[in-house]
$ cat model.cif   # mmCIF, C-alpha atoms
data_model
#
loop_
_atom_site.group_PDB
_atom_site.id
_atom_site.type_symbol
_atom_site.label_atom_id
_atom_site.label_comp_id
_atom_site.auth_asym_id
_atom_site.auth_seq_id
_atom_site.Cartn_x
_atom_site.Cartn_y
_atom_site.Cartn_z
ATOM 1 C CA MET A 264 -15.212 -39.487 -13.905
ATOM 2 C CA SER A 265 -13.711 -36.777 -11.697
ATOM 3 C CA LEU A 266 -11.209 -34.356 -13.178
ATOM 4 C CA PRO A 267 -8.028 -33.113 -11.507
ATOM 5 C CA VAL A 268 -8.431 -29.677 -9.979
ATOM 6 C CA SER A 269 -5.950 -28.229 -12.468
ATOM 7 C CA THR A 270 -8.230 -29.061 -15.392
ATOM 8 C CA ARG A 271 -11.281 -27.633 -13.622
ATOM 9 C CA GLY A 272 -9.538 -24.289 -13.493
ATOM 10 C CA ARG A 273 -8.225 -22.813 -10.255
ATOM 11 C CA VAL A 274 -8.932 -19.123 -9.712
ATOM 12 C CA LEU A 275 -7.405 -17.181 -6.832
ATOM 13 C CA ILE A 276 -9.666 -14.200 -6.139
ATOM 14 C CA ILE A 277 -8.200 -11.165 -4.365
ATOM 15 C CA ALA A 278 -11.146 -8.939 -3.483
ATOM 16 C CA GLY A 279 -13.475 -7.646 -0.789
ATOM 17 C CA SER A 280 -16.308 -9.468 0.952
ATOM 18 C CA ASP A 281 -19.941 -8.441 0.369
ATOM 19 C CA SER A 282 -22.133 -9.393 3.316
ATOM 20 C CA GLY A 283 -25.185 -9.278 1.028
ATOM 21 C CA GLY A 284 -23.678 -11.977 -1.170
ATOM 22 C CA GLY A 285 -24.327 -10.227 -4.472
ATOM 23 C CA ALA A 286 -20.884 -8.850 -5.304
ATOM 24 C CA GLY A 287 -17.276 -9.174 -4.173
ATOM 25 C CA VAL A 288 -15.777 -12.531 -3.306
ATOM 26 C CA GLN A 289 -19.218 -14.060 -2.784
ATOM 27 C CA ALA A 290 -20.214 -13.327 -6.383
ATOM 28 C CA ASP A 291 -16.775 -14.401 -7.576
ATOM 29 C CA ILE A 292 -16.955 -17.767 -5.841
ATOM 30 C CA LYS A 293 -20.481 -18.401 -7.120
ATOM 31 C CA ALA A 294 -19.565 -17.566 -10.720
ATOM 32 C CA VAL A 295 -16.391 -19.657 -10.792
ATOM 33 C CA THR A 296 -18.168 -22.600 -9.156
ATOM 34 C CA ALA A 297 -21.224 -22.407 -11.424
ATOM 35 C CA LEU A 298 -18.923 -22.604 -14.448
ATOM 36 C CA GLY A 299 -17.103 -25.654 -13.121
ATOM 37 C CA GLY A 300 -13.970 -24.007 -11.735
ATOM 38 C CA TYR A 301 -12.373 -23.978 -8.298
ATOM 39 C CA ALA A 302 -12.320 -20.680 -6.372
ATOM 40 C CA ALA A 303 -9.944 -19.693 -3.575
ATOM 41 C CA THR A 304 -9.745 -16.250 -1.994
ATOM 42 C CA ALA A 305 -7.591 -13.623 -0.359
ATOM 43 C CA ILE A 306 -10.002 -11.132 1.201
ATOM 44 C CA THR A 307 -8.955 -7.484 1.107
ATOM 45 C CA ALA A 308 -11.792 -5.920 3.116
ATOM 46 C CA ILE A 309 -14.997 -6.780 4.908
ATOM 47 C CA THR A 310 -17.884 -4.589 3.834
ATOM 48 C CA VAL A 311 -21.173 -4.054 5.622
ATOM 49 C CA GLN A 312 -23.654 -3.964 2.773
ATOM 50 C CA ASN A 313 -26.911 -5.179 1.289
ATOM 51 C CA THR A 314 -28.906 -4.272 -1.804
ATOM 52 C CA LEU A 315 -29.451 -0.745 -0.464
ATOM 53 C CA GLY A 316 -25.803 0.220 -0.195
ATOM 54 C CA VAL A 317 -22.443 -0.035 1.550
ATOM 55 C CA PHE A 318 -22.634 1.091 5.179
ATOM 56 C CA ALA A 319 -19.064 0.405 6.332
ATOM 57 C CA VAL A 320 -15.754 -0.901 5.008
ATOM 58 C CA HIS A 321 -13.227 -2.630 7.266
ATOM 59 C CA PRO A 322 -9.859 -3.146 5.511
ATOM 60 C CA ILE A 323 -7.827 -6.286 6.116
ATOM 61 C CA PRO A 324 -4.155 -5.610 6.995
ATOM 62 C CA VAL A 325 -1.915 -5.814 3.944
ATOM 63 C CA GLU A 326 0.269 -8.508 5.459
ATOM 64 C CA VAL A 327 -2.818 -10.684 6.051
ATOM 65 C CA ILE A 328 -3.946 -10.212 2.442
ATOM 66 C CA THR A 329 -0.579 -11.336 1.109
ATOM 67 C CA ALA A 330 -0.416 -14.209 3.604
ATOM 68 C CA GLN A 331 -3.808 -15.491 2.420
ATOM 69 C CA ALA A 332 -2.699 -15.393 -1.208
ATOM 70 C CA ARG A 333 0.635 -17.064 -0.571
ATOM 71 C CA ALA A 334 -1.000 -19.804 1.511
ATOM 72 C CA VAL A 335 -3.243 -20.641 -1.433
ATOM 73 C CA LEU A 336 -0.499 -20.425 -4.055
ATOM 74 C CA ASP A 337 1.961 -22.495 -2.004
ATOM 75 C CA ASP A 338 -0.472 -25.396 -1.577
ATOM 76 C CA ILE A 339 -3.494 -25.434 -3.894
ATOM 77 C CA GLY A 340 -1.978 -23.277 -6.599
ATOM 78 C CA ALA A 341 -3.860 -21.279 -9.206
ATOM 79 C CA ASP A 342 -4.198 -21.060 -12.969
ATOM 80 C CA VAL A 343 -5.467 -17.467 -13.007
ATOM 81 C CA ILE A 344 -5.578 -14.672 -10.430
ATOM 82 C CA LYS A 345 -8.597 -12.339 -10.435
ATOM 83 C CA THR A 346 -8.578 -9.040 -8.558
ATOM 84 C CA GLY A 347 -11.506 -6.912 -7.464
ATOM 85 C CA MET A 348 -11.823 -4.362 -4.653
ATOM 86 C CA LEU A 349 -8.353 -3.414 -3.401
ATOM 87 C CA GLY A 350 -9.077 -0.269 -1.423
ATOM 88 C CA ASP A 351 -5.889 1.778 -1.269
ATOM 89 C CA ALA A 352 -2.450 2.224 -2.783
ATOM 90 C CA ARG A 353 -0.659 -0.017 -0.260
ATOM 91 C CA VAL A 354 -2.924 -2.937 -1.164
ATOM 92 C CA VAL A 355 -2.573 -2.232 -4.891
ATOM 93 C CA GLU A 356 1.225 -2.244 -4.562
ATOM 94 C CA ALA A 357 1.186 -5.464 -2.520
ATOM 95 C CA VAL A 358 -1.120 -7.230 -4.976
ATOM 96 C CA ALA A 359 0.966 -6.032 -7.912
ATOM 97 C CA ALA A 360 4.024 -7.543 -6.254
ATOM 98 C CA LEU A 361 2.158 -10.807 -5.714
ATOM 99 C CA LEU A 362 1.126 -10.932 -9.368
ATOM 100 C CA ALA A 363 4.688 -10.375 -10.504
ATOM 101 C CA GLU A 364 5.917 -13.053 -8.107
ATOM 102 C CA ALA A 365 3.281 -15.600 -9.154
ATOM 103 C CA GLY A 366 3.752 -15.084 -12.893
ATOM 104 C CA LEU A 367 0.166 -16.159 -13.622
ATOM 105 C CA PRO A 368 -2.388 -14.629 -16.000
ATOM 106 C CA ALA A 369 -4.367 -11.951 -14.187
ATOM 107 C CA VAL A 370 -7.909 -10.728 -14.761
ATOM 108 C CA ILE A 371 -8.013 -7.218 -13.302
ATOM 109 C CA ASP A 372 -11.408 -5.742 -12.469
ATOM 110 C CA PRO A 373 -10.535 -2.145 -11.472
ATOM 111 C CA VAL A 374 -13.319 -1.800 -8.909
ATOM 112 C CA MET A 375 -13.762 1.821 -7.863
ATOM 113 C CA VAL A 376 -17.390 2.433 -6.918
ATOM 114 C CA ALA A 377 -20.146 0.153 -5.600
ATOM 115 C CA LYS A 378 -23.478 -0.085 -7.409
ATOM 116 C CA GLY A 379 -25.056 2.272 -4.899
ATOM 117 C CA GLY A 380 -22.315 4.873 -5.295
ATOM 118 C CA ALA A 381 -19.975 4.140 -2.359
ATOM 119 C CA SER A 382 -16.274 4.582 -3.143
ATOM 120 C CA LEU A 383 -14.297 1.325 -2.988
ATOM 121 C CA LEU A 384 -10.918 2.697 -4.095
ATOM 122 C CA ASP A 385 -9.012 5.575 -2.545
ATOM 123 C CA PRO A 386 -8.498 8.151 -5.336
ATOM 124 C CA ARG A 387 -4.825 8.300 -4.343
ATOM 125 C CA ALA A 388 -4.505 4.657 -5.425
ATOM 126 C CA MET A 389 -5.335 5.448 -9.053
ATOM 127 C CA ASP A 390 -1.727 6.068 -10.056
ATOM 128 C CA ALA A 391 -0.718 2.708 -8.587
ATOM 129 C CA VAL A 392 -3.479 0.945 -10.521
ATOM 130 C CA ARG A 393 -2.338 2.592 -13.762
ATOM 131 C CA ALA A 394 1.354 1.966 -13.232
ATOM 132 C CA ARG A 395 1.378 -1.395 -11.445
ATOM 133 C CA LEU A 396 -1.813 -3.323 -12.214
ATOM 134 C CA VAL A 397 -2.870 -2.359 -15.741
ATOM 135 C CA PRO A 398 0.432 -3.544 -17.284
ATOM 136 C CA GLN A 399 0.044 -6.933 -15.567
ATOM 137 C CA ALA A 400 -3.497 -7.548 -16.796
ATOM 138 C CA ALA A 401 -3.971 -10.413 -19.201
ATOM 139 C CA LEU A 402 -7.529 -9.055 -19.256
ATOM 140 C CA LEU A 403 -8.706 -5.715 -17.853
ATOM 141 C CA THR A 404 -12.483 -5.328 -17.347
ATOM 142 C CA PRO A 405 -13.394 -1.650 -16.742
ATOM 143 C CA ASN A 406 -16.836 -0.125 -17.042
ATOM 144 C CA ALA A 407 -17.169 3.319 -18.636
ATOM 145 C CA PRO A 408 -16.580 5.405 -15.469
ATOM 146 C CA GLU A 409 -13.595 3.265 -14.493
ATOM 147 C CA ALA A 410 -12.120 3.561 -17.993
ATOM 148 C CA ALA A 411 -12.622 7.328 -17.881
ATOM 149 C CA ALA A 412 -10.871 7.555 -14.508
ATOM 150 C CA LEU A 413 -7.948 5.438 -15.698
ATOM 151 C CA THR A 414 -7.429 7.179 -19.043
ATOM 152 C CA GLY A 415 -8.683 10.715 -18.448
ATOM 153 C CA LEU A 416 -10.887 10.358 -21.530
ATOM 154 C CA GLU A 417 -14.613 11.020 -21.779
ATOM 155 C CA VAL A 418 -16.431 7.688 -22.094
ATOM 156 C CA LEU A 419 -20.065 8.249 -22.996
ATOM 157 C CA THR A 420 -20.581 6.334 -26.255
ATOM 158 C CA THR A 421 -19.598 3.014 -27.805
ATOM 159 C CA ASP A 422 -16.936 4.782 -29.876
ATOM 160 C CA ASP A 423 -15.628 6.283 -26.633
ATOM 161 C CA LEU A 424 -15.357 2.747 -25.246
ATOM 162 C CA ARG A 425 -13.144 1.842 -28.193
ATOM 163 C CA ARG A 426 -10.913 4.886 -27.745
ATOM 164 C CA ALA A 427 -10.508 4.230 -24.023
ATOM 165 C CA GLY A 428 -9.820 0.561 -24.659
ATOM 166 C CA GLU A 429 -7.055 1.425 -27.110
ATOM 167 C CA ALA A 430 -5.587 3.813 -24.549
ATOM 168 C CA LEU A 431 -5.587 1.073 -21.911
ATOM 169 C CA LEU A 432 -3.831 -1.302 -24.325
ATOM 170 C CA ALA A 433 -1.223 1.412 -24.838
ATOM 171 C CA MET A 434 -0.818 1.537 -21.038
ATOM 172 C CA GLY A 435 0.210 -2.120 -21.105
ATOM 173 C CA ALA A 436 -2.923 -4.246 -20.681
ATOM 174 C CA GLY A 437 -2.819 -7.488 -22.653
ATOM 175 C CA ALA A 438 -6.508 -7.233 -23.549
ATOM 176 C CA VAL A 439 -9.402 -5.047 -22.433
ATOM 177 C CA LEU A 440 -13.084 -5.925 -22.081
ATOM 178 C CA MET A 441 -14.806 -2.553 -22.219
ATOM 179 C CA LYS A 442 -18.185 -2.832 -20.504
ATOM 180 C CA GLY A 443 -20.982 -0.725 -21.924
ATOM 181 C CA GLY A 444 -23.566 -0.949 -19.175
ATOM 182 C CA HIS A 445 -23.218 2.780 -18.397
ATOM 183 C CA VAL A 446 -23.615 3.770 -22.064
ATOM 184 C CA GLY A 447 -27.256 4.588 -22.768
ATOM 185 C CA GLY A 448 -29.540 2.980 -25.333
ATOM 186 C CA PRO A 449 -31.728 -0.117 -25.761
ATOM 187 C CA ILE A 450 -28.796 -2.276 -26.900
ATOM 188 C CA LEU A 451 -25.989 -3.024 -24.456
ATOM 189 C CA THR A 452 -22.587 -3.466 -26.096
ATOM 190 C CA ASP A 453 -19.357 -4.704 -24.556
ATOM 191 C CA ILE A 454 -16.161 -4.720 -26.607
ATOM 192 C CA LEU A 455 -13.199 -7.084 -26.237
ATOM 193 C CA ILE A 456 -10.138 -5.297 -27.595
ATOM 194 C CA THR A 457 -6.763 -6.948 -28.122
ATOM 195 C CA PRO A 458 -3.681 -5.731 -30.008
ATOM 196 C CA ALA A 459 -4.778 -7.948 -32.909
ATOM 197 C CA ASP A 460 -8.537 -7.475 -33.179
ATOM 198 C CA GLU A 461 -11.868 -6.508 -31.664
ATOM 199 C CA THR A 462 -14.917 -8.595 -30.748
ATOM 200 C CA THR A 463 -18.290 -7.055 -29.942
ATOM 201 C CA PHE A 464 -20.874 -8.594 -27.613
ATOM 202 C CA SER A 465 -24.317 -7.019 -27.941
ATOM 203 C CA GLY A 466 -27.860 -7.731 -26.808
ATOM 204 C CA PRO A 467 -31.065 -6.013 -25.730
ATOM 205 C CA ARG A 468 -30.652 -4.158 -22.463
ATOM 206 C CA ILE A 469 -32.525 -5.951 -19.674
ATOM 207 C CA GLU A 470 -34.542 -3.343 -17.791
ATOM 208 C CA THR A 471 -34.048 -4.301 -14.161
ATOM 209 C CA ARG A 472 -32.639 -2.887 -10.947
ATOM 210 C CA HIS A 473 -31.232 -6.311 -10.049
ATOM 211 C CA THR A 474 -27.701 -5.916 -11.396
ATOM 212 C CA HIS A 475 -25.640 -5.840 -8.188
ATOM 213 C CA GLY A 476 -22.293 -7.577 -8.707
ATOM 214 C CA THR A 477 -22.510 -7.739 -12.498
ATOM 215 C CA GLY A 478 -18.913 -6.557 -12.967
ATOM 216 C CA CYS A 479 -17.470 -8.921 -10.362
ATOM 217 C CA THR A 480 -19.418 -11.804 -11.843
ATOM 218 C CA LEU A 481 -18.355 -11.113 -15.425
ATOM 219 C CA ALA A 482 -14.671 -10.781 -14.550
ATOM 220 C CA SER A 483 -14.698 -13.984 -12.496
ATOM 221 C CA ALA A 484 -16.559 -15.871 -15.214
ATOM 222 C CA CYS A 485 -13.859 -14.758 -17.671
ATOM 223 C CA ALA A 486 -11.174 -15.861 -15.209
ATOM 224 C CA ALA A 487 -12.804 -19.284 -14.845
ATOM 225 C CA GLY A 488 -12.767 -19.803 -18.601
ATOM 226 C CA LEU A 489 -9.131 -18.785 -18.927
ATOM 227 C CA ALA A 490 -8.205 -21.036 -15.996
ATOM 228 C CA GLN A 491 -9.935 -23.923 -17.760
ATOM 229 C CA GLY A 492 -7.857 -23.380 -20.884
ATOM 230 C CA LEU A 493 -10.369 -21.552 -23.072
ATOM 231 C CA LYS A 494 -9.054 -19.040 -25.575
ATOM 232 C CA LEU A 495 -9.679 -15.447 -24.557
ATOM 233 C CA ASP A 496 -12.540 -14.796 -26.973
ATOM 234 C CA ALA A 497 -14.244 -18.072 -26.045
ATOM 235 C CA ALA A 498 -13.826 -17.398 -22.312
ATOM 236 C CA VAL A 499 -15.336 -13.925 -22.665
ATOM 237 C CA ALA A 500 -18.185 -15.142 -24.891
ATOM 238 C CA ARG A 501 -19.147 -17.838 -22.381
ATOM 239 C CA ALA A 502 -18.883 -15.383 -19.494
ATOM 240 C CA TRP A 503 -20.986 -12.778 -21.310
ATOM 241 C CA SER A 504 -23.777 -15.276 -22.020
ATOM 242 C CA TYR A 505 -23.639 -16.568 -18.447
ATOM 243 C CA VAL A 506 -24.014 -13.086 -16.965
ATOM 244 C CA ALA A 507 -26.793 -12.075 -19.347
ATOM 245 C CA GLU A 508 -28.860 -15.080 -18.277
ATOM 246 C CA ALA A 509 -27.988 -14.501 -14.611
ATOM 247 C CA ILE A 510 -29.390 -10.976 -14.925
ATOM 248 C CA ARG A 511 -32.492 -12.181 -16.758
ATOM 249 C CA LEU A 512 -33.184 -14.783 -14.054
ATOM 250 C CA ALA A 513 -32.314 -12.515 -11.084
ATOM 251 C CA PRO A 514 -34.415 -13.625 -8.089
ATOM 252 C CA GLY A 515 -35.568 -10.120 -7.133
ATOM 253 C CA LEU A 516 -34.107 -10.119 -3.638
ATOM 254 C CA GLY A 517 -33.863 -6.962 -1.559
ATOM 255 C CA ALA A 518 -35.333 -3.491 -1.847
ATOM 256 C CA GLY A 519 -32.445 -2.002 -3.815
ATOM 257 C CA HIS A 520 -29.958 -3.260 -6.404
ATOM 258 C CA GLY A 521 -30.547 -6.988 -6.074
ATOM 259 C CA PRO A 522 -28.177 -9.866 -6.864
ATOM 260 C CA LEU A 523 -28.017 -12.009 -9.981
ATOM 261 C CA ASP A 524 -28.955 -15.674 -10.266
ATOM 262 C CA HIS A 525 -25.430 -17.065 -10.218
ATOM 263 C CA ALA A 526 -26.517 -20.687 -9.927
ATOM 264 C CA TRP A 527 -28.763 -20.892 -12.987
ATOM 265 C CA PRO A 528 -26.472 -23.300 -14.939
ATOM 266 C CA LEU A 529 -26.653 -25.817 -12.079
ATOM 267 C CA ARG A 530 -30.437 -25.874 -12.159
ATOM 268 C CA ARG A 531 -30.522 -26.094 -15.943
ATOM 269 C CA GLU A 532 -28.505 -29.289 -15.740
#
$ encode --input "model.cif" --output "structure tokens"
Amino acid sequence: MSLPVSTRGRVLIIAGSDSGGGAGVQADIKAVTALGGYAATAITAITVQNTLGVFAVHPIPVEVITAQARAVLDDIGADVIKTGMLGDARVVEAVAALLAEAGLPAVIDPVMVAKGGASLLDPRAMDAVRARLVPQAALLTPNAPEAAALTGLEVLTTDDLRRAGEALLAMGAGAVLMKGGHVGGPILTDILITPADETTFSGPRIETRHTHGTGCTLASACAAGLAQGLKLDAAVARAWSYVAEAIRLAPGLGAGHGPLDHAWPLRRE
């Protein structure tokens, strides 16, 4: 029996394109689809990249970004909006205005740097992210360097993750998933922090170079769960397990930071 699109969970993704298919809107679409949701996109930039790095970034005009989003919202609609690479302050401001206009829950992945080290956010846009996007986040998903940049705090340990997460809540985020991939040690710990409580997700660190797009994938998997009506903790728990298995089953493509196995749930079925 087929389900209406609204119950599958519609996610509008506002992010950049990754020609290598491991991160950006390609990873977002794969994650949402693998978890049974429906993905639509408004592309903010076209990147020239593969597992070895980002070789060029070609921004999409702001008016085209907003036109893409409005075309989707006016017809297909969305249950959740997920943002990724935004590029510069003008795009951040435009997307913030779209979020306010749409009035939908937003999963904000504050993408700043690609896996290989290339900058994906103009440093001058940081104030706009803090002031305009963080307060509109139903869920904010920073890694340790992103949290440090947003809060000005040192984020090197799990306790630092907690402190930065509390600071981001104080800045207006509805909930924060603090990602611990950059914190050393054999156990990887992510922390979901809300004004009411804290939930920890921990597991053995998987020693692999094939982790390209992990942040995009996790944020989109969370967005899919929220769009499908899952409670926040359940959406994050499902997303966390999905990404962990996608890393474990990574196909080993490319000579650098390879992509995950986004489609593993489809083959398991």
$ atom_distance --input "model.cif" --atom1 "CA of Ala332 in chain A" --atom2 "CA of Ala400 in chain A"
17.5 Å
$ axis_aligned_box --input "model.cif" --around "range 388-395 of chain A" --padding-each-side "6 Å" --output "lines of an AutoDock Vina configuration file"
center_x = -2.0
center_y = 2.3
center_z = -9.6
size_x = 18.7
size_y = 19.5
size_z = 20.3
$ residues_around --input "model.cif" --residues "Thr457 in chain A" --least-positions-apart "4" --cutoff "10 Å" --atoms "all atoms listed in the file" --output "ChimeraX atom specification"
/A:401-402,428-429,432,436-440,461-462,495-496
$ closest_residue --input "model.cif" --among "A:Ala486, A:Ala294, A:Ile450, A:Ile469" --to "Leu512 in chain A" --atoms "only C-alpha atoms"
A:Ile469
$ closest_residue --input "model.cif" --among "A:Gly435, A:Gly443, A:Pro322, A:Gly466" --to "Val418 in chain A" --atoms "all atoms listed in the file"
A:Gly443
$ residues_around --input "model.cif" --residues "His475 in chain A" --least-positions-apart "5" --cutoff "6 Å" --atoms "all atoms listed in the file" --output "mmCIF file with C-alpha atoms, in the frame of the given file"
data_model
loop_
_atom_site.group_PDB
_atom_site.id
_atom_site.type_symbol
_atom_site.label_atom_id
_atom_site.label_comp_id
_atom_site.auth_asym_id
_atom_site.auth_seq_id
_atom_site.Cartn_x
_atom_site.Cartn_y
_atom_site.Cartn_z
ATOM 1 C CA GLY A 285 -24.327 -10.227 -4.472
ATOM 2 C CA HIS A 520 -29.958 -3.260 -6.404
ATOM 3 C CA GLY A 521 -30.547 -6.988 -6.074
ATOM 4 C CA PRO A 522 -28.177 -9.866 -6.864
#
$ residues_around --input "model.cif" --residues "range 351-364 of chain A" --least-positions-apart "3" --cutoff "9 Å" --atoms "only C-alpha atoms" --output "count of residues only"
27
$ closest_residue --input "model.cif" --among "A:Thr310, A:Gln491, A:Thr463, A:Thr414" --to "Ala341 in chain A" --atoms "all atoms listed in the file"
A:Gln491
$ closest_residue --input "model.cif" --among "A:Val327, A:Ala305, A:Ala381, A:Cys479" --to "Asp291 in chain A" --atoms "all atoms listed in the file"
A:Cys479
$ resolve_selection --input "model.cif" --expression "the PyMOL selection byres ((chain A and resi 444) around 12)" --output "MDAnalysis selection string"
chainID A and resid 378 405:409 418:421 424 440:443 445:454 464:470 474 477:478 507
$ write_last_selection --input "model.cif" --atoms "C-alpha atoms" --output "PDB file, in the coordinates of the input"
ATOM      1  CA  LYS A 378     -23.478  -0.085  -7.409  1.00  0.00           C
ATOM      2  CA  PRO A 405     -13.394  -1.650 -16.742  1.00  0.00           C
ATOM      3  CA  ASN A 406     -16.836  -0.125 -17.042  1.00  0.00           C
ATOM      4  CA  ALA A 407     -17.169   3.319 -18.636  1.00  0.00           C
ATOM      5  CA  PRO A 408     -16.580   5.405 -15.469  1.00  0.00           C
ATOM      6  CA  GLU A 409     -13.595   3.265 -14.493  1.00  0.00           C
ATOM      7  CA  VAL A 418     -16.431   7.688 -22.094  1.00  0.00           C
ATOM      8  CA  LEU A 419     -20.065   8.249 -22.996  1.00  0.00           C
ATOM      9  CA  THR A 420     -20.581   6.334 -26.255  1.00  0.00           C
ATOM     10  CA  THR A 421     -19.598   3.014 -27.805  1.00  0.00           C
ATOM     11  CA  LEU A 424     -15.357   2.747 -25.246  1.00  0.00           C
ATOM     12  CA  LEU A 440     -13.084  -5.925 -22.081  1.00  0.00           C
ATOM     13  CA  MET A 441     -14.806  -2.553 -22.219  1.00  0.00           C
ATOM     14  CA  LYS A 442     -18.185  -2.832 -20.504  1.00  0.00           C
ATOM     15  CA  GLY A 443     -20.982  -0.725 -21.924  1.00  0.00           C
ATOM     16  CA  HIS A 445     -23.218   2.780 -18.397  1.00  0.00           C
ATOM     17  CA  VAL A 446     -23.615   3.770 -22.064  1.00  0.00           C
ATOM     18  CA  GLY A 447     -27.256   4.588 -22.768  1.00  0.00           C
ATOM     19  CA  GLY A 448     -29.540   2.980 -25.333  1.00  0.00           C
ATOM     20  CA  PRO A 449     -31.728  -0.117 -25.761  1.00  0.00           C
ATOM     21  CA  ILE A 450     -28.796  -2.276 -26.900  1.00  0.00           C
ATOM     22  CA  LEU A 451     -25.989  -3.024 -24.456  1.00  0.00           C
ATOM     23  CA  THR A 452     -22.587  -3.466 -26.096  1.00  0.00           C
ATOM     24  CA  ASP A 453     -19.357  -4.704 -24.556  1.00  0.00           C
ATOM     25  CA  ILE A 454     -16.161  -4.720 -26.607  1.00  0.00           C
ATOM     26  CA  PHE A 464     -20.874  -8.594 -27.613  1.00  0.00           C
ATOM     27  CA  SER A 465     -24.317  -7.019 -27.941  1.00  0.00           C
ATOM     28  CA  GLY A 466     -27.860  -7.731 -26.808  1.00  0.00           C
ATOM     29  CA  PRO A 467     -31.065  -6.013 -25.730  1.00  0.00           C
ATOM     30  CA  ARG A 468     -30.652  -4.158 -22.463  1.00  0.00           C
ATOM     31  CA  ILE A 469     -32.525  -5.951 -19.674  1.00  0.00           C
ATOM     32  CA  GLU A 470     -34.542  -3.343 -17.791  1.00  0.00           C
ATOM     33  CA  THR A 474     -27.701  -5.916 -11.396  1.00  0.00           C
ATOM     34  CA  THR A 477     -22.510  -7.739 -12.498  1.00  0.00           C
ATOM     35  CA  GLY A 478     -18.913  -6.557 -12.967  1.00  0.00           C
ATOM     36  CA  ALA A 507     -26.793 -12.075 -19.347  1.00  0.00           C
TER      37      ALA A 507
END
$ residues_around --input "model.cif" --residues "Ala484 in chain A" --least-positions-apart "4" --cutoff "8 Å" --atoms "only C-alpha atoms" --output "list in words"
Asp291, Ala294, Val295, Leu298, Thr480, Gly488, Ala498, Val499, Arg501, Ala502 and Tyr505 of chain A
$ decode --input "model.cif" --residues "range 419-431 of chain A" --atoms "N, CA, C and O atoms" --output "PDB file, in the first residue's frame"
ATOM      1  N   LEU A 419      37.828  20.614  22.477  1.00  0.00           N
ATOM      2  CA  LEU A 419      38.807  19.553  22.284  1.00  0.00           C
ATOM      3  C   LEU A 419      38.418  18.248  22.963  1.00  0.00           C
ATOM      4  O   LEU A 419      38.938  17.188  22.619  1.00  0.00           O
ATOM      5  N   THR A 420      37.500  18.300  23.922  1.00  0.00           N
ATOM      6  CA  THR A 420      37.116  17.128  24.695  1.00  0.00           C
ATOM      7  C   THR A 420      35.602  16.965  24.683  1.00  0.00           C
ATOM      8  O   THR A 420      34.863  17.857  24.235  1.00  0.00           O
ATOM      9  N   THR A 421      35.131  15.850  25.209  1.00  0.00           N
ATOM     10  CA  THR A 421      33.688  15.619  25.295  1.00  0.00           C
ATOM     11  C   THR A 421      33.027  16.647  26.210  1.00  0.00           C
ATOM     12  O   THR A 421      31.916  17.117  25.931  1.00  0.00           O
ATOM     13  N   ASP A 422      33.691  17.000  27.307  1.00  0.00           N
ATOM     14  CA  ASP A 422      33.138  18.047  28.178  1.00  0.00           C
ATOM     15  C   ASP A 422      33.069  19.389  27.449  1.00  0.00           C
ATOM     16  O   ASP A 422      32.129  20.169  27.662  1.00  0.00           O
ATOM     17  N   ASP A 423      34.067  19.643  26.583  1.00  0.00           N
ATOM     18  CA  ASP A 423      34.023  20.861  25.774  1.00  0.00           C
ATOM     19  C   ASP A 423      32.817  20.854  24.840  1.00  0.00           C
ATOM     20  O   ASP A 423      32.195  21.897  24.596  1.00  0.00           O
ATOM     21  N   LEU A 424      32.496  19.673  24.285  1.00  0.00           N
ATOM     22  CA  LEU A 424      31.313  19.557  23.438  1.00  0.00           C
ATOM     23  C   LEU A 424      30.069  19.999  24.204  1.00  0.00           C
ATOM     24  O   LEU A 424      29.219  20.732  23.676  1.00  0.00           O
ATOM     25  N   ARG A 425      29.968  19.551  25.448  1.00  0.00           N
ATOM     26  CA  ARG A 425      28.809  19.911  26.268  1.00  0.00           C
ATOM     27  C   ARG A 425      28.747  21.420  26.501  1.00  0.00           C
ATOM     28  O   ARG A 425      27.682  22.039  26.379  1.00  0.00           O
ATOM     29  N   ARG A 426      29.884  22.012  26.849  1.00  0.00           N
ATOM     30  CA  ARG A 426      29.907  23.453  27.101  1.00  0.00           C
ATOM     31  C   ARG A 426      29.516  24.240  25.851  1.00  0.00           C
ATOM     32  O   ARG A 426      28.736  25.194  25.917  1.00  0.00           O
ATOM     33  N   ALA A 427      30.060  23.838  24.702  1.00  0.00           N
ATOM     34  CA  ALA A 427      29.728  24.527  23.459  1.00  0.00           C
ATOM     35  C   ALA A 427      28.264  24.326  23.097  1.00  0.00           C
ATOM     36  O   ALA A 427      27.599  25.254  22.617  1.00  0.00           O
ATOM     37  N   GLY A 428      27.760  23.133  23.326  1.00  0.00           N
ATOM     38  CA  GLY A 428      26.348  22.870  23.049  1.00  0.00           C
ATOM     39  C   GLY A 428      25.431  23.745  23.885  1.00  0.00           C
ATOM     40  O   GLY A 428      24.431  24.283  23.379  1.00  0.00           O
ATOM     41  N   GLU A 429      25.766  23.901  25.164  1.00  0.00           N
ATOM     42  CA  GLU A 429      24.969  24.771  26.030  1.00  0.00           C
ATOM     43  C   GLU A 429      25.034  26.215  25.543  1.00  0.00           C
ATOM     44  O   GLU A 429      24.030  26.948  25.576  1.00  0.00           O
ATOM     45  N   ALA A 430      26.207  26.629  25.078  1.00  0.00           N
ATOM     46  CA  ALA A 430      26.345  27.991  24.562  1.00  0.00           C
ATOM     47  C   ALA A 430      25.491  28.191  23.315  1.00  0.00           C
ATOM     48  O   ALA A 430      24.883  29.260  23.132  1.00  0.00           O
ATOM     49  N   LEU A 431      25.424  27.183  22.464  1.00  0.00           N
ATOM     50  CA  LEU A 431      24.614  27.285  21.249  1.00  0.00           C
ATOM     51  C   LEU A 431      23.122  27.291  21.580  1.00  0.00           C
ATOM     52  O   LEU A 431      22.338  27.981  20.908  1.00  0.00           O
TER      53      LEU A 431
END
